[in-house]
file run-v1.csv (CSV, C-alpha atoms and all ligand atoms)
chain,number,residue,atom,x,y,z
A,1,MET,CA,10.7,-1.5,-46.7
A,2,ALA,CA,8.5,-2.0,-43.6
A,3,GLN,CA,7.7,1.1,-41.8
A,4,ALA,CA,8.4,1.2,-38.0
A,5,THR,CA,5.0,1.6,-36.2
A,6,GLU,CA,5.1,4.5,-33.8
A,7,ALA,CA,3.4,4.4,-30.4
A,8,PRO,CA,0.5,6.8,-30.4
A,9,GLN,CA,1.2,10.1,-28.7
A,10,ARG,CA,-0.6,10.4,-25.4
A,11,ALA,CA,-1.3,13.7,-23.6
A,12,PRO,CA,0.7,14.0,-20.4
A,13,PHE,CA,-1.3,13.2,-17.2
A,14,ARG,CA,-2.8,16.3,-15.6
A,15,LEU,CA,-4.3,15.6,-12.2
A,16,GLU,CA,-6.7,18.5,-12.3
A,17,ASP,CA,-8.2,17.3,-15.6
A,18,SER,CA,-8.4,13.6,-14.6
A,19,TRP,CA,-11.6,11.9,-13.9
A,20,VAL,CA,-12.5,11.1,-10.3
A,21,TYR,CA,-15.4,9.7,-8.4
A,22,PHE,CA,-16.9,11.9,-5.8
A,23,ASN,CA,-20.2,11.2,-3.9
A,24,GLY,CA,-21.8,9.1,-6.6
A,25,GLU,CA,-20.7,11.2,-9.6
A,26,LEU,CA,-17.8,11.0,-12.1
A,27,THR,CA,-16.3,14.4,-12.3
A,28,ARG,CA,-13.0,16.2,-13.0
A,29,TYR,CA,-10.5,16.3,-10.1
A,30,ALA,CA,-10.5,20.2,-10.2
A,31,ASP,CA,-14.3,20.2,-9.7
A,32,ALA,CA,-14.4,17.8,-6.7
A,33,LYS,CA,-14.1,20.2,-3.8
A,34,ILE,CA,-14.4,19.9,0.0
A,35,GLY,CA,-14.8,22.6,2.6
A,36,LEU,CA,-12.2,23.9,5.0
A,37,LEU,CA,-14.2,22.7,8.0
A,38,THR,CA,-14.4,19.1,6.8
A,39,HIS,CA,-14.3,16.8,9.8
A,40,ALA,CA,-11.7,14.4,8.4
A,41,LEU,CA,-9.3,17.3,7.7
A,42,HIS,CA,-9.3,18.4,11.3
A,43,TYR,CA,-9.7,15.1,13.1
A,44,GLY,CA,-8.2,12.4,10.8
A,45,THR,CA,-11.5,10.6,10.5
A,46,GLY,CA,-11.1,8.9,7.2
A,47,VAL,CA,-10.2,5.5,5.9
A,48,PHE,CA,-8.4,5.0,2.6
A,49,GLU,CA,-6.8,2.4,0.3
A,50,GLY,CA,-4.0,2.2,-2.2
A,51,ILE,CA,-4.5,-0.1,-5.1
A,52,ARG,CA,-2.0,-0.7,-7.9
A,53,ALA,CA,-2.7,-1.3,-11.6
A,54,TYR,CA,0.1,-2.7,-13.7
A,55,TRP,CA,0.5,-2.1,-17.4
A,56,ASN,CA,1.3,-5.2,-19.4
A,57,ALA,CA,2.8,-3.9,-22.6
A,58,ASP,CA,2.8,-7.3,-24.4
A,59,ARG,CA,-0.9,-7.6,-23.9
A,60,GLU,CA,-1.7,-3.9,-24.1
A,61,GLN,CA,-3.7,-4.5,-20.9
A,62,LEU,CA,-3.9,-2.8,-17.5
A,63,TYR,CA,-4.5,-5.1,-14.5
A,64,THR,CA,-5.7,-4.0,-11.1
A,65,VAL,CA,-4.4,-6.1,-8.2
A,66,ARG,CA,-6.7,-7.7,-5.6
A,67,MET,CA,-9.0,-4.8,-6.0
A,68,ALA,CA,-12.0,-6.5,-4.3
A,69,ASP,CA,-9.8,-7.3,-1.3
A,70,HIS,CA,-8.8,-3.7,-1.0
A,71,PHE,CA,-12.4,-2.5,-1.1
A,72,GLN,CA,-13.5,-5.2,1.4
A,73,ARG,CA,-10.8,-3.8,3.7
A,74,LEU,CA,-12.0,-0.3,3.2
A,75,ARG,CA,-15.5,-1.4,4.1
A,76,ASN,CA,-14.3,-3.3,7.2
A,77,ASN,CA,-12.3,-0.2,8.3
A,78,ALA,CA,-15.3,2.0,7.7
A,79,HIS,CA,-17.2,-0.2,10.0
A,80,ALA,CA,-14.5,0.2,12.7
A,81,LEU,CA,-14.9,4.0,12.4
A,82,GLN,CA,-18.7,3.8,12.5
A,83,MET,CA,-19.2,4.9,8.9
A,84,ARG,CA,-22.0,3.9,6.7
A,85,THR,CA,-20.9,2.7,3.2
A,86,THR,CA,-23.8,2.4,0.9
A,87,VAL,CA,-21.6,1.4,-2.1
A,88,ASN,CA,-20.8,-2.3,-2.2
A,89,VAL,CA,-17.5,-3.9,-3.2
A,90,ASP,CA,-18.6,-4.7,-6.8
A,91,GLU,CA,-19.7,-1.2,-7.4
A,92,LEU,CA,-16.5,0.2,-6.0
A,93,CYS,CA,-14.5,-2.0,-8.3
A,94,ALA,CA,-16.6,-1.1,-11.3
A,95,VAL,CA,-16.3,2.6,-10.7
A,96,SER,CA,-12.6,2.4,-10.2
A,97,ASN,CA,-12.1,0.5,-13.4
A,98,GLU,CA,-14.2,3.0,-15.2
A,99,LEU,CA,-12.0,5.8,-13.9
A,100,LEU,CA,-8.8,4.0,-15.0
A,101,ARG,CA,-10.4,3.5,-18.5
A,102,ARG,CA,-11.5,7.1,-18.8
A,103,ASN,CA,-8.2,8.4,-17.8
A,104,GLY,CA,-6.7,6.1,-20.4
A,105,TYR,CA,-3.6,4.8,-18.6
A,106,HIS,CA,-1.0,2.9,-20.6
A,107,GLU,CA,1.4,2.8,-17.7
A,108,ASP,CA,1.4,1.6,-14.1
A,109,ALA,CA,-1.2,3.5,-12.1
A,110,TYR,CA,-2.6,3.8,-8.6
A,111,VAL,CA,-6.1,4.0,-7.3
A,112,ARG,CA,-6.7,6.0,-4.1
A,113,PRO,CA,-10.2,5.7,-2.6
A,114,ILE,CA,-11.0,7.7,0.5
A,115,LEU,CA,-14.1,7.5,2.7
A,116,PHE,CA,-14.1,10.3,5.1
A,117,LYS,CA,-16.3,12.1,7.6
A,118,SER,CA,-17.4,15.2,5.7
A,119,GLN,CA,-19.5,17.2,8.2
A,120,GLU,CA,-18.5,20.8,8.2
A,121,ALA,CA,-19.0,21.6,11.9
A,122,ILE,CA,-17.0,21.7,15.1
A,123,GLY,CA,-17.1,18.5,17.2
A,124,VAL,CA,-14.7,15.6,17.8
A,125,LYS,CA,-16.6,12.3,17.7
A,126,ILE,CA,-17.1,9.5,15.2
A,127,HIS,CA,-20.8,8.6,15.6
A,128,ASP,CA,-23.6,10.3,13.6
A,129,VAL,CA,-21.3,12.2,11.2
A,130,PRO,CA,-22.1,12.0,7.5
A,131,ASP,CA,-19.5,10.5,5.2
A,132,SER,CA,-18.2,11.3,1.7
A,133,LEU,CA,-16.5,8.9,-0.7
A,134,GLY,CA,-13.9,9.9,-3.3
A,135,ILE,CA,-11.7,7.9,-5.7
A,136,VAL,CA,-8.7,9.4,-7.4
A,137,THR,CA,-6.3,7.7,-9.8
A,138,LEU,CA,-2.9,8.7,-11.0
A,139,PRO,CA,0.2,7.2,-12.7
A,140,LEU,CA,2.7,5.6,-10.2
A,141,GLY,CA,6.1,4.0,-10.8
A,142,ASP,CA,8.3,2.8,-8.0
A,143,TYR,CA,7.5,4.3,-4.6
A,144,ILE,CA,10.6,3.3,-2.7
A,145,GLY,CA,13.7,1.7,-4.3
A,146,THR,CA,13.4,-1.9,-5.3
A,147,GLY,CA,17.1,-2.4,-5.7
A,148,GLY,CA,18.1,-2.2,-2.0
A,149,ILE,CA,17.1,0.5,0.5
A,150,ARG,CA,18.7,1.7,3.8
A,151,CYS,CA,16.5,1.9,6.9
A,152,MET,CA,16.7,3.2,10.4
A,153,VAL,CA,14.8,2.1,13.4
A,154,SER,CA,12.6,5.1,14.2
A,155,SER,CA,12.6,7.0,17.5
A,156,TRP,CA,8.8,7.0,16.9
A,157,ARG,CA,7.0,3.9,18.2
A,158,ARG,CA,4.1,2.5,16.1
A,159,ILE,CA,0.8,3.6,17.5
A,160,ASP,CA,-0.6,0.9,19.7
A,161,ASP,CA,-4.0,-0.8,19.3
A,162,THR,CA,-5.0,0.4,22.7
A,163,MET,CA,-4.8,4.0,21.3
A,164,ALA,CA,-6.5,3.7,18.0
A,165,PRO,CA,-7.5,0.8,15.7
A,166,VAL,CA,-4.1,0.2,14.1
A,167,ARG,CA,-5.4,-2.6,11.8
A,168,THR,CA,-7.3,0.1,9.9
A,169,LYS,CA,-5.9,2.4,7.2
A,170,CYS,CA,-7.4,5.3,9.1
A,171,THR,CA,-6.0,8.7,7.9
A,172,GLY,CA,-5.3,10.0,11.4
A,173,LEU,CA,-2.9,7.1,12.0
A,174,TYR,CA,-0.6,8.4,9.3
A,175,ILE,CA,0.8,11.2,11.4
A,176,ASN,CA,2.7,8.4,13.1
A,177,ALA,CA,4.0,7.1,9.7
A,178,ALA,CA,4.8,10.6,8.4
A,179,LEU,CA,6.9,11.5,11.5
A,180,ALA,CA,8.9,8.3,11.2
A,181,LYS,CA,9.3,8.6,7.4
A,182,SER,CA,10.5,12.2,7.6
A,183,GLU,CA,12.9,11.4,10.4
A,184,ALA,CA,14.4,8.6,8.3
A,185,LEU,CA,14.7,10.7,5.1
A,186,GLU,CA,16.1,13.7,6.9
A,187,SER,CA,18.6,11.5,8.6
A,188,GLY,CA,19.8,10.2,5.2
A,189,PHE,CA,17.9,6.9,5.1
A,190,ASP,CA,15.3,5.7,2.7
A,191,GLU,CA,12.7,4.3,5.1
A,192,ALA,CA,11.8,3.9,8.8
A,193,ILE,CA,11.2,0.7,10.7
A,194,MET,CA,8.9,1.3,13.7
A,195,LEU,CA,8.9,-0.8,16.9
A,196,THR,CA,5.8,-1.5,19.0
A,197,HIS,CA,5.5,0.2,22.4
A,198,ASP,CA,7.1,-2.9,23.9
A,199,GLY,CA,10.0,-2.9,21.5
A,200,HIS,CA,9.2,-5.5,18.8
A,201,VAL,CA,9.5,-4.9,15.2
A,202,SER,CA,6.2,-3.7,13.8
A,203,GLU,CA,6.4,-2.3,10.2
A,204,GLY,CA,7.6,0.5,7.9
A,205,SER,CA,5.8,3.8,7.3
A,206,GLY,CA,3.7,2.1,4.6
A,207,GLU,CA,5.0,-1.4,4.4
A,208,ASN,CA,5.1,-4.7,6.2
A,209,ILE,CA,8.5,-6.3,6.9
A,210,PHE,CA,10.0,-9.8,6.5
A,211,VAL,CA,13.2,-11.2,7.9
A,212,VAL,CA,15.1,-14.3,6.7
A,213,ARG,CA,17.5,-16.0,9.0
A,214,ARG,CA,19.1,-19.4,8.4
A,215,GLY,CA,16.5,-20.1,5.7
A,216,VAL,CA,13.5,-19.3,7.9
A,217,LEU,CA,11.1,-16.6,6.7
A,218,SER,CA,9.4,-14.6,9.5
A,219,THR,CA,7.2,-11.6,9.7
A,220,PRO,CA,5.7,-9.7,12.7
A,221,ALA,CA,2.4,-11.2,13.9
A,222,SER,CA,-0.7,-9.2,13.3
A,223,SER,CA,-0.8,-8.6,17.1
A,224,ASP,CA,2.3,-6.4,16.7
A,225,ASN,CA,0.3,-3.4,15.6
A,226,ILE,CA,0.7,-3.9,11.9
A,227,LEU,CA,-1.7,-3.1,9.1
A,228,GLU,CA,-2.6,-6.5,7.8
A,229,GLY,CA,-1.2,-5.9,4.3
A,230,ILE,CA,-2.6,-7.5,1.2
A,231,THR,CA,0.9,-7.6,-0.3
A,232,ARG,CA,2.1,-9.4,2.9
A,233,ASP,CA,-0.7,-11.9,2.3
A,234,CYS,CA,0.4,-12.3,-1.4
A,235,VAL,CA,4.0,-12.8,-0.4
A,236,ILE,CA,3.2,-15.4,2.3
A,237,HIS,CA,1.1,-17.2,-0.3
A,238,LEU,CA,3.7,-17.0,-3.0
A,239,ALA,CA,6.5,-18.2,-0.7
A,240,ARG,CA,4.5,-21.3,0.1
A,241,GLU,CA,3.2,-22.0,-3.4
A,242,GLU,CA,6.2,-21.2,-5.4
A,243,MET,CA,9.1,-21.9,-3.1
A,244,GLY,CA,7.7,-24.3,-0.6
A,245,ILE,CA,8.5,-21.9,2.3
A,246,ASP,CA,6.1,-21.4,5.2
A,247,THR,CA,6.3,-17.9,6.8
A,248,VAL,CA,6.5,-17.8,10.6
A,249,GLU,CA,4.3,-15.0,12.0
A,250,ARG,CA,5.7,-14.0,15.4
A,251,SER,CA,7.2,-11.2,17.4
A,252,ILE,CA,10.6,-10.1,16.1
A,253,ASP,CA,13.2,-8.3,18.1
A,254,ARG,CA,15.3,-5.4,16.9
A,255,SER,CA,18.6,-7.3,17.1
A,256,GLU,CA,17.2,-9.9,14.7
A,257,LEU,CA,17.3,-7.2,12.1
A,258,TYR,CA,21.1,-6.8,12.6
A,259,LEU,CA,21.7,-10.6,12.5
A,260,ALA,CA,19.4,-11.4,9.7
A,261,ASP,CA,20.6,-12.8,6.3
A,262,GLU,CA,17.9,-10.9,4.5
A,263,VAL,CA,15.3,-8.3,5.4
A,264,PHE,CA,12.7,-6.8,3.0
A,265,MET,CA,9.6,-4.7,3.0
A,266,VAL,CA,6.4,-5.3,1.1
A,267,GLY,CA,3.4,-3.2,0.3
A,268,THR,CA,1.2,-2.2,-2.6
A,269,ALA,CA,3.2,1.0,-3.3
A,270,ALA,CA,6.6,-0.5,-2.1
A,271,GLN,CA,6.1,-3.9,-3.9
A,272,VAL,CA,8.9,-6.1,-2.7
A,273,ALA,CA,11.8,-3.8,-1.5
A,274,PRO,CA,15.0,-5.4,-0.3
A,275,ILE,CA,16.6,-3.7,2.7
A,276,ILE,CA,20.4,-3.7,2.5
A,277,GLU,CA,21.2,-1.8,5.6
A,278,VAL,CA,19.6,-1.2,9.1
A,279,ASP,CA,20.9,1.4,11.5
A,280,ARG,CA,24.2,1.6,9.4
A,281,ARG,CA,24.8,-2.2,9.7
A,282,THR,CA,24.7,-4.1,6.4
A,283,VAL,CA,22.1,-6.8,6.1
A,284,GLY,CA,23.8,-10.1,5.1
A,285,ASP,CA,26.5,-9.1,2.6
A,286,GLY,CA,24.9,-5.7,1.8
A,287,GLU,CA,23.2,-6.9,-1.4
A,288,PRO,CA,19.6,-8.0,-1.9
A,289,GLY,CA,19.5,-11.7,-0.8
A,290,PRO,CA,18.5,-14.7,-3.0
A,291,MET,CA,15.1,-15.3,-1.3
A,292,THR,CA,14.2,-11.6,-1.5
A,293,ASN,CA,15.2,-11.5,-5.2
A,294,ARG,CA,13.2,-14.6,-6.0
A,295,LEU,CA,10.1,-13.3,-4.1
A,296,GLN,CA,10.4,-9.9,-5.9
A,297,GLU,CA,10.5,-11.7,-9.3
A,298,ILE,CA,7.6,-14.0,-8.5
A,299,TYR,CA,5.5,-11.2,-7.1
A,300,LEU,CA,6.0,-9.0,-10.1
A,301,ASP,CA,5.2,-11.9,-12.5
A,302,ALA,CA,2.0,-12.5,-10.6
A,303,VAL,CA,0.8,-8.9,-10.4
A,304,THR,CA,1.7,-8.0,-14.0
A,305,GLY,CA,-0.2,-11.0,-15.4
A,306,ARG,CA,2.9,-12.9,-16.5
A,307,ASN,CA,2.1,-15.9,-14.3
A,308,PRO,CA,-1.4,-17.1,-15.3
A,309,LYS,CA,-1.7,-19.0,-12.0
A,310,TYR,CA,-2.5,-15.8,-10.2
A,311,ALA,CA,-4.9,-14.4,-12.8
A,312,GLU,CA,-7.7,-14.5,-10.1
A,313,TRP,CA,-5.8,-11.7,-8.3
A,314,LEU,CA,-6.1,-9.4,-11.3
A,315,THR,CA,-8.9,-7.5,-13.0
A,316,PRO,CA,-8.3,-6.4,-16.6
A,317,VAL,CA,-9.3,-2.7,-17.1
A,318,TYR,CA,-9.6,-2.6,-20.9
B,401,LIG,C1,1.1,1.3,7.5
B,401,LIG,C2,1.0,0.4,6.4
B,401,LIG,N1,1.5,-0.9,6.6
B,401,LIG,C3,1.5,-1.8,5.6
B,401,LIG,C4,1.0,-1.5,4.3
B,401,LIG,C5,1.0,-2.5,3.2
B,401,LIG,O1,-0.3,-2.9,3.0
B,401,LIG,P1,-0.8,-3.4,1.6
B,401,LIG,O2,0.1,-4.5,1.2
B,401,LIG,O3,-2.2,-3.8,1.8
B,401,LIG,O4,-0.7,-2.2,0.6
B,401,LIG,C6,0.5,-0.2,4.1
B,401,LIG,C7,0.0,0.2,2.8
B,401,LIG,O5,-1.2,0.1,2.5
B,401,LIG,C8,0.5,0.7,5.1
B,401,LIG,O6,0.1,2.0,4.9

call {"tool": "encode", "arguments": {"input": "run-v1.csv", "output": "structure tokens"}}
result
Amino acid sequence: MAQATEAPQRAPFRLEDSWVYFNGELTRYADAKIGLLTHALHYGTGVFEGIRAYWNADREQLYTVRMADHFQRLRNNAHALQMRTTVNVDELCAVSNELLRRNGYHEDAYVRPILFKSQEAIGVKIHDVPDSLGIVTLPLGDYIGTGGIRCMVSSWRRIDDTMAPVRTKCTGLYINAALAKSEALESGFDEAIMLTHDGHVSEGSGENIFVVRRGVLSTPASSDNILEGITRDCVIHLAREEMGIDTVERSIDRSELYLADEVFMVGTAAQVAPIIEVDRRTVGDGEPGPMTNRLQEIYLDAVTGRNPKYAEWLTPVY
């Protein structure tokens, strides 16, 4: 009788023992330390990224998604914050893949690079401050629900580009996101939708947003203070390629959320997340809509390597 093959036992992930990159070295998380006076900790002077890696069990392979685009964005954001990145995109990709390999993930994982001003001194400024670079990885399943989430329009407006460079993933900007997210969670919702200072829909705390009305797919224009998401770009591309639907990038009003047939959020962590309720009003019939469901399916097929057409978005780790 054939014996069932058992999956090898893997030690549970322990963050403190995991391999990280810190200032040019591979080391253990517990040994990568920063000082209490670190500039970025006090003044929010860092830029970061969030990159997903999907485990494809059939192929026993882990794929990172659009990793070079994430590191290019990190470098562009660093430029906006007057940082000097000496490590190039290829090196950043290589070291991240090495970390994922060393940490031995056989499950979905996440890469969190952070470039931050590391001077340990008093003084608010961004020029002439030395930087440090760290990369941490960890396992990551769903971040927000993918079966239908309930949202509220936040009382916090999205930070305006006249106040800080909102197109960057600058750490300091995330106080805005955190305030909105906590308000939503503590009010019994799953996620916040922030408006711009002049009242247009901007984005979620860590997601871009799309609206479907009468078959037309729209998303806030990049001038509405959004982070120009890489998932947003994937979804625009997939809607066109796979469904023949062009996305309209324009300003969207709050009441359009109430009258929409479908609303969904997208982001590296959030993936494609259908919104079934906004401000206690059901979206459409209160179930994830057909266009959202289809895009969610197409997106997951692309990022997990099941659709070879999008292989160029993926980098195998093993
Ligand atoms: C504020 C904000 N908007 C949008 C996104 C989605 O961007 P991406 O798809 O590149 O992850 C993120 C996540 O990175 C974010 O933090």

call {"tool": "closest_residue", "arguments": {"input": "run-v1.csv", "among": "A:Asp90, A:Arg66, A:Val136, A:Asp160", "to": "Ser223 of chain A", "atoms": "all atoms listed in the file"}}
result
A:Asp160

call {"tool": "atom_distance", "arguments": {"input": "run-v1.csv", "atom1": "atom O2 of ligand LIG 401 (chain B)", "atom2": "atom CA of Cys151 of chain A"}}
result
18.5 Å

call {"tool": "closest_residue", "arguments": {"input": "run-v1.csv", "among": "A:Leu133, A:Cys170, A:Ala273, A:Leu41", "to": "Phe22 of chain A", "atoms": "all atoms listed in the file"}}
result
A:Leu133

call {"tool": "residues_near_ligand", "arguments": {"input": "run-v1.csv", "ligand": "ligand LIG 401 (chain B)", "cutoff": "7 Å", "atoms": "only C-alpha atoms and all ligand atoms", "output": "ChimeraX atom specification"}}
result
/A:49-50,169,177,203-208,226-232,266-269

call {"tool": "atom_distance", "arguments": {"input": "run-v1.csv", "atom1": "atom CA of Ala260 of chain A", "atom2": "atom CA of Asn293 of chain A"}}
result
15.5 Å

call {"tool": "closest_residue", "arguments": {"input": "run-v1.csv", "among": "A:Leu92, A:Ala57, A:Met265, A:Ala192", "to": "His70 of chain A", "atoms": "all atoms listed in the file"}}
result
A:Leu92

call {"tool": "atom_distance", "arguments": {"input": "run-v1.csv", "atom1": "atom CA of Gly244 of chain A", "atom2": "atom CA of Arg214 of chain A"}}
result
15.3 Å

call {"tool": "closest_residue", "arguments": {"input": "run-v1.csv", "among": "A:Glu60, A:Asp253, A:Glu241, A:Glu107", "to": "Pro220 of chain A", "atoms": "only C-alpha atoms"}}
result
A:Asp253

call {"tool": "residues_around", "arguments": {"input": "run-v1.csv", "residues": "Tyr258 of chain A", "least_positions_apart": "6", "cutoff": "9 Å", "atoms": "only C-alpha atoms", "output": "MDAnalysis selection string"}}
result
chainID A and resid 277:279 281:284

call {"tool": "write_last_selection", "arguments": {"input": "run-v1.csv", "atoms": "C-alpha atoms", "output": "PDB file, in the coordinates of the input"}}
result
ATOM      1  CA  GLU A 277      21.200  -1.800   5.600  1.00  0.00           C
ATOM      2  CA  VAL A 278      19.600  -1.200   9.100  1.00  0.00           C
ATOM      3  CA  ASP A 279      20.900   1.400  11.500  1.00  0.00           C
ATOM      4  CA  ARG A 281      24.800  -2.200   9.700  1.00  0.00           C
ATOM      5  CA  THR A 282      24.700  -4.100   6.400  1.00  0.00           C
ATOM      6  CA  VAL A 283      22.100  -6.800   6.100  1.00  0.00           C
ATOM      7  CA  GLY A 284      23.800 -10.100   5.100  1.00  0.00           C
TER       8      GLY A 284
END

call {"tool": "closest_residue", "arguments": {"input": "run-v1.csv", "among": "A:Thr315, A:Ser222, A:Thr146, A:Ser182", "to": "Leu100 of chain A", "atoms": "all atoms listed in the file"}}
result
A:Thr315

call {"tool": "closest_residue", "arguments": {"input": "run-v1.csv", "among": "A:Asn77, A:Thr38, A:Ser96, A:Thr85", "to": "Leu26 of chain A", "atoms": "all atoms listed in the file"}}
result
A:Ser96

call {"tool": "residues_near_point", "arguments": {"input": "run-v1.csv", "point": "(-17.8, 1.9, 15.2)", "cutoff": "12 Å", "atoms": "only C-alpha atoms", "output": "JSON, numbers by chain"}}
result
{"A": [45, 75, 76, 77, 78, 79, 80, 81, 82, 83, 84, 125, 126, 127, 128, 129, 164, 165, 168]}

call {"tool": "residues_around", "arguments": {"input": "run-v1.csv", "residues": "Gly134 of chain A", "least_positions_apart": "4", "cutoff": "6 Å", "atoms": "all atoms listed in the file", "output": "ChimeraX atom specification"}}
result
/A:21-22,113-114

call {"tool": "residues_around", "arguments": {"input": "run-v1.csv", "residues": "Glu297 of chain A", "least_positions_apart": "5", "cutoff": "9 Å", "atoms": "all atoms listed in the file", "output": "list in words"}}
result
Val272, Thr292 and Ala302 of chain A

call {"tool": "residues_around", "arguments": {"input": "run-v1.csv", "residues": "Tyr29 of chain A", "least_positions_apart": "6", "cutoff": "8 Å", "atoms": "all atoms listed in the file", "output": "mmCIF file with C-alpha atoms, in the frame of the given file"}}
result
data_model
loop_
_atom_site.group_PDB
_atom_site.id
_atom_site.type_symbol
_atom_site.label_atom_id
_atom_site.label_comp_id
_atom_site.auth_asym_id
_atom_site.auth_seq_id
_atom_site.Cartn_x
_atom_site.Cartn_y
_atom_site.Cartn_z
ATOM 1 C CA LEU A 15 -4.300 15.600 -12.200
ATOM 2 C CA GLU A 16 -6.700 18.500 -12.300
ATOM 3 C CA ASP A 17 -8.200 17.300 -15.600
ATOM 4 C CA SER A 18 -8.400 13.600 -14.600
ATOM 5 C CA TRP A 19 -11.600 11.900 -13.900
ATOM 6 C CA VAL A 20 -12.500 11.100 -10.300
ATOM 7 C CA VAL A 136 -8.700 9.400 -7.400
#

call {"tool": "residues_around", "arguments": {"input": "run-v1.csv", "residues": "Phe189 of chain A", "least_positions_apart": "3", "cutoff": "8 Å", "atoms": "all atoms listed in the file", "output": "short mmCIF file (atom, residue, chain, number, x, y, z; two decimals) with C-alpha atoms, in the coordinates of the input"}}
result
data_model
loop_
_atom_site.label_atom_id
_atom_site.label_comp_id
_atom_site.auth_asym_id
_atom_site.auth_seq_id
_atom_site.Cartn_x
_atom_site.Cartn_y
_atom_site.Cartn_z
CA ILE A 149 17.10 0.50 0.50
CA ARG A 150 18.70 1.70 3.80
CA CYS A 151 16.50 1.90 6.90
CA MET A 152 16.70 3.20 10.40
CA ALA A 184 14.40 8.60 8.30
CA LEU A 185 14.70 10.70 5.10
CA GLU A 186 16.10 13.70 6.90
CA ALA A 192 11.80 3.90 8.80
#

call {"tool": "residues_near_point", "arguments": {"input": "run-v1.csv", "point": "(19.9, -10.3, 10.6)", "cutoff": "8 Å", "atoms": "all atoms listed in the file", "output": "PyMOL selection string"}}
result
chain A and resi 211-213+255-263+283-284
